[in-house]
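Heads up, the thing below is written out as structure tokens.
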2 protein chains.
Amino acid sequence: MEVTHIEHIGIAVKNLEEGIRFYEQVLGLKCYAIEEVKDQKVKTAFFKVGQTKIELLESTEAEGPIGKFIEKKGEGIHHLAFAVKDIDGSLKIAEEKGIQLIDKTSRKGAEGLDIGFLHPKFTMGVLTELCEDKKNTK
Amino acid sequence: MEVTHIEHIGIAVKNLEEGIRFYEQVLGLKCYAIEEVKDQKVKTAFFKVGQTKIELLESTEAEGPIGKFIEKKGEGIHHLAFAVKDIDGSLKIAEEKGIQLIDKTSRKGAEGLDIGFLHPKFTMGVLTELCEDKKNTK
């Protein structure tokens with residue numbers, strides 16, 4: 001598997017506006033996009049810091065994955081996404097190494113990336129996403 | 001405040017060797033250093049991925065901050081560190097914006113960086129570190 005950089009860090013927040021205020025007014029980053037991902041029941045705000053994006057995630061429904069995460073663990077970092085060169089090959093390698101996959105094959109995620117998640121029970125508690133930006137790498 | 005990139009992501013693990021195995025054998029990253037930080041009661045393993053380091057943290061004592069974190073929340077991402085150009089000026093800006101500081105002024109952290117932490121109650125649950133590498137920026 002070839003990992004090139006941290007693509008993004010997903011952070012579960014109760015209130016997107018409050019999150020945007022901290023990252024813009026305290027850290028001085030700029031929110032460059034707000035996107036609703038309906039099948040994940042989230043509204044997301046994106047910031048760029050060096051090679052990496054910060055992706056704030058506010059649940060649009062209490063029963064969505066982010067709503068449940070906050071209920072169980074509180075606000076905080078939800079997942080860590082690594083940019084890889086070959087998403088489906090990388091998922092296959094992870095599975096061959098004994099890592100349980102949440103996504104057996106890649107699917108479309110936010111910003112049009114091809115993504116797949118590894119199960120946090122096999123990754124020291126970190127919900128780990130692999131993603132490939134096919135627009136910019138092929 | 002001028003943030004340039006994500007300096008590192010600190011991940012609390014129960015077993016450093018198991019963590020190293022995942023990041024090396026599955027993700028294909030290379031552990032380039034293992035360091036014990038005695039005053040934090042941790043042993044750390046470092047990996048580089050693009051601009052960012054992954055810092056695995058194993059507690060050397062159950063009563064240390066990482067031991068307590070794992071007892072309360074389980075393994076997972078412990079903190080997020082942003083590289084800034086002026087650590088003490090950045091801490092001052094954060095305080096002026098109403099963010100409670102854990103470190104009022106910077107102190108030495110792992111790898112000789114000058115660091116300071118913001119309180120997670122004021123940063124949407126994310127234990128946020130600011131750090132400056134004075135060796136490479138001045």
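Ordered as shown in the structure tokens, chains take letters A, B, and onward, while each chain numbers its residues from 1 and ligands are numbered from 1 in the order shown.
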
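For chain A, the residues no farther than 7 Å from chain B when using only C-alpha atoms are Met1, Glu2, Val3, Thr4, His5, Ile6, Val13, Gly19, Phe22, Val26, Leu27, Gly28, Val49, Gly50, Glu75, Gly76, Ile77, Ala94, Lys97, Thr123, Met124, Gly125 and Val126 of chain A.
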
Store the residues picked out above in a file with N, CA and C atoms, as a PDB file, in the first residue's frame.
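Just written: part_34.pdb:
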ATOM      1  N   MET A   1       0.851  -1.199   0.000  1.00  0.00           N
ATOM      2  CA  MET A   1       0.000   0.000   0.000  1.00  0.00           C
ATOM      3  C   MET A   1       0.888   1.251   0.000  1.00  0.00           C
ATOM      4  N   GLU A   2       0.544   2.225  -0.840  1.00  0.00           N
ATOM      5  CA  GLU A   2       1.343   3.456  -0.853  1.00  0.00           C
ATOM      6  C   GLU A   2       0.516   4.629  -0.341  1.00  0.00           C
ATOM      7  N   VAL A   3       0.840   5.070   0.869  1.00  0.00           N
ATOM      8  CA  VAL A   3       0.155   6.212   1.491  1.00  0.00           C
ATOM      9  C   VAL A   3       1.014   7.447   1.228  1.00  0.00           C
ATOM     10  N   THR A   4       0.398   8.515   0.709  1.00  0.00           N
ATOM     11  CA  THR A   4       1.200   9.710   0.377  1.00  0.00           C
ATOM     12  C   THR A   4       1.114  10.810   1.432  1.00  0.00           C
ATOM     13  N   HIS A   5      -0.066  10.977   2.048  1.00  0.00           N
ATOM     14  CA  HIS A   5      -0.221  12.027   3.059  1.00  0.00           C
ATOM     15  C   HIS A   5      -1.532  11.815   3.818  1.00  0.00           C
ATOM     16  N   ILE A   6      -1.742  12.642   4.836  1.00  0.00           N
ATOM     17  CA  ILE A   6      -3.037  12.623   5.526  1.00  0.00           C
ATOM     18  C   ILE A   6      -4.005  13.430   4.669  1.00  0.00           C
ATOM     19  N   VAL A  13     -18.679  17.496  15.531  1.00  0.00           N
ATOM     20  CA  VAL A  13     -19.027  18.667  16.345  1.00  0.00           C
ATOM     21  C   VAL A  13     -20.548  18.735  16.513  1.00  0.00           C
ATOM     22  N   GLY A  19     -17.932  25.395  15.453  1.00  0.00           N
ATOM     23  CA  GLY A  19     -16.684  24.802  14.981  1.00  0.00           C
ATOM     24  C   GLY A  19     -15.989  25.705  13.977  1.00  0.00           C
ATOM     25  N   PHE A  22     -14.173  28.601  15.649  1.00  0.00           N
ATOM     26  CA  PHE A  22     -12.867  28.275  16.257  1.00  0.00           C
ATOM     27  C   PHE A  22     -11.783  28.159  15.193  1.00  0.00           C
ATOM     28  N   VAL A  26      -9.766  31.559  15.637  1.00  0.00           N
ATOM     29  CA  VAL A  26      -8.640  31.297  16.536  1.00  0.00           C
ATOM     30  C   VAL A  26      -7.444  30.779  15.727  1.00  0.00           C
ATOM     31  N   LEU A  27      -7.646  29.716  14.962  1.00  0.00           N
ATOM     32  CA  LEU A  27      -6.507  29.140  14.225  1.00  0.00           C
ATOM     33  C   LEU A  27      -6.189  29.892  12.923  1.00  0.00           C
ATOM     34  N   GLY A  28      -7.137  30.722  12.471  1.00  0.00           N
ATOM     35  CA  GLY A  28      -6.861  31.520  11.271  1.00  0.00           C
ATOM     36  C   GLY A  28      -6.980  30.751   9.962  1.00  0.00           C
ATOM     37  N   VAL A  49      -5.231  22.856   5.588  1.00  0.00           N
ATOM     38  CA  VAL A  49      -4.060  23.249   6.365  1.00  0.00           C
ATOM     39  C   VAL A  49      -2.890  22.411   5.852  1.00  0.00           C
ATOM     40  N   GLY A  50      -2.003  23.040   5.065  1.00  0.00           N
ATOM     41  CA  GLY A  50      -0.953  22.294   4.389  1.00  0.00           C
ATOM     42  C   GLY A  50      -1.582  21.285   3.442  1.00  0.00           C
ATOM     43  N   GLU A  75     -18.027  15.124  21.575  1.00  0.00           N
ATOM     44  CA  GLU A  75     -17.374  15.721  20.409  1.00  0.00           C
ATOM     45  C   GLU A  75     -15.904  15.291  20.357  1.00  0.00           C
ATOM     46  N   GLY A  76     -15.332  15.309  19.170  1.00  0.00           N
ATOM     47  CA  GLY A  76     -13.907  15.002  19.049  1.00  0.00           C
ATOM     48  C   GLY A  76     -13.593  14.401  17.695  1.00  0.00           C
ATOM     49  N   ILE A  77     -12.350  13.920  17.568  1.00  0.00           N
ATOM     50  CA  ILE A  77     -11.920  13.391  16.273  1.00  0.00           C
ATOM     51  C   ILE A  77     -12.651  12.081  15.994  1.00  0.00           C
ATOM     52  N   ALA A  94      -5.035  -4.463   2.910  1.00  0.00           N
ATOM     53  CA  ALA A  94      -5.418  -4.411   4.327  1.00  0.00           C
ATOM     54  C   ALA A  94      -6.137  -5.695   4.730  1.00  0.00           C
ATOM     55  N   LYS A  97      -3.911  -8.582   5.149  1.00  0.00           N
ATOM     56  CA  LYS A  97      -3.100  -8.484   6.378  1.00  0.00           C
ATOM     57  C   LYS A  97      -3.940  -8.723   7.627  1.00  0.00           C
ATOM     58  N   THR A 123      -7.549  -1.352  14.178  1.00  0.00           N
ATOM     59  CA  THR A 123      -6.625  -0.229  13.925  1.00  0.00           C
ATOM     60  C   THR A 123      -6.426   0.593  15.196  1.00  0.00           C
ATOM     61  N   MET A 124      -6.283  -0.082  16.312  1.00  0.00           N
ATOM     62  CA  MET A 124      -6.049   0.564  17.607  1.00  0.00           C
ATOM     63  C   MET A 124      -7.047   1.699  17.877  1.00  0.00           C
ATOM     64  N   GLY A 125      -8.325   1.400  17.614  1.00  0.00           N
ATOM     65  CA  GLY A 125      -9.388   2.343  17.995  1.00  0.00           C
ATOM     66  C   GLY A 125      -9.580   3.536  17.082  1.00  0.00           C
ATOM     67  N   VAL A 126      -8.753   3.646  16.041  1.00  0.00           N
ATOM     68  CA  VAL A 126      -8.868   4.801  15.137  1.00  0.00           C
ATOM     69  C   VAL A 126      -9.680   4.384  13.908  1.00  0.00           C
TER      70      VAL A 126
END

Original post:
Counting only C-alpha atoms, what is within 8 Å of range 108-115 of chain B, bar same-chain residues fewer than 2 positions away, as a VMD selection string?
Top reply: chain B and resid 35 37 87 106 117 129 to 134

**OP:** Mind giving me the straight-line distance from CA of Asp86 in chain A to CA of Thr44 in chain A in Å, one decimal?
**Re:**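 Atom-to-atom, CA of Asp86 in chain A to CA of Thr44 in chain A, that is 25.2 Å.
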
Original post:
Which residues in chain A does DSSP call alpha helix (DSSP H)? List them as a list in words.
Top reply: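 Matching residues for alpha helix (DSSP H) in chain A are Leu16, Glu17, Glu18, Gly19, Ile20, Arg21, Pro65, Ile66, Gly67, Lys68, Phe69, Ile70, Glu71, Lys72, Lys73, Ile87, Asp88, Gly89, Ser90, Leu91, Lys92, Ile93, Ala94, Glu95, Glu96, Lys134, Lys135, Asn136 and Thr137 of chain A.
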
Please dump the current selection as a CSV table (one decimal), in the first residue's frame; keep C-alpha atoms.
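Writing done, so here's selection30.csv:
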chain,number,residue,atom,x,y,z
A,16,LEU,CA,-21.0,23.5,12.8
A,17,GLU,CA,-21.1,27.3,13.2
A,18,GLU,CA,-19.3,27.1,16.5
A,19,GLY,CA,-16.7,24.8,15.0
A,20,ILE,CA,-16.2,27.1,12.0
A,21,ARG,CA,-15.7,30.0,14.4
A,65,PRO,CA,-23.4,7.9,12.5
A,66,ILE,CA,-22.1,11.3,13.8
A,67,GLY,CA,-25.1,11.8,16.1
A,68,LYS,CA,-24.5,8.4,17.6
A,69,PHE,CA,-20.8,9.0,17.9
A,70,ILE,CA,-21.3,12.2,19.9
A,71,GLU,CA,-23.9,10.6,22.1
A,72,LYS,CA,-21.5,7.8,23.0
A,73,LYS,CA,-18.1,9.6,23.1
A,87,ILE,CA,-7.9,2.6,-3.3
A,88,ASP,CA,-9.1,-0.9,-4.2
A,89,GLY,CA,-5.7,-2.4,-4.2
A,90,SER,CA,-5.0,-0.9,-0.8
A,91,LEU,CA,-8.3,-2.2,0.7
A,92,LYS,CA,-7.3,-5.7,-0.6
A,93,ILE,CA,-3.9,-5.4,1.0
A,94,ALA,CA,-5.4,-4.4,4.3
A,95,GLU,CA,-7.8,-7.4,4.2
A,96,GLU,CA,-5.0,-9.8,3.3
A,134,LYS,CA,-8.8,9.8,-9.1
A,135,LYS,CA,-9.3,13.2,-10.7
A,136,ASN,CA,-5.8,14.3,-9.6
A,137,THR,CA,-3.8,11.1,-9.7

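The space between CA of Gln40 in chain A and CA of Gly64 in chain A spans 6.7 Å.
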
**OP:** Could you please determine the separation between CA of Ser59 in chain B and CA of Ala81 in chain B in Å, to one decimal place?
**Re:** 18.9 Å
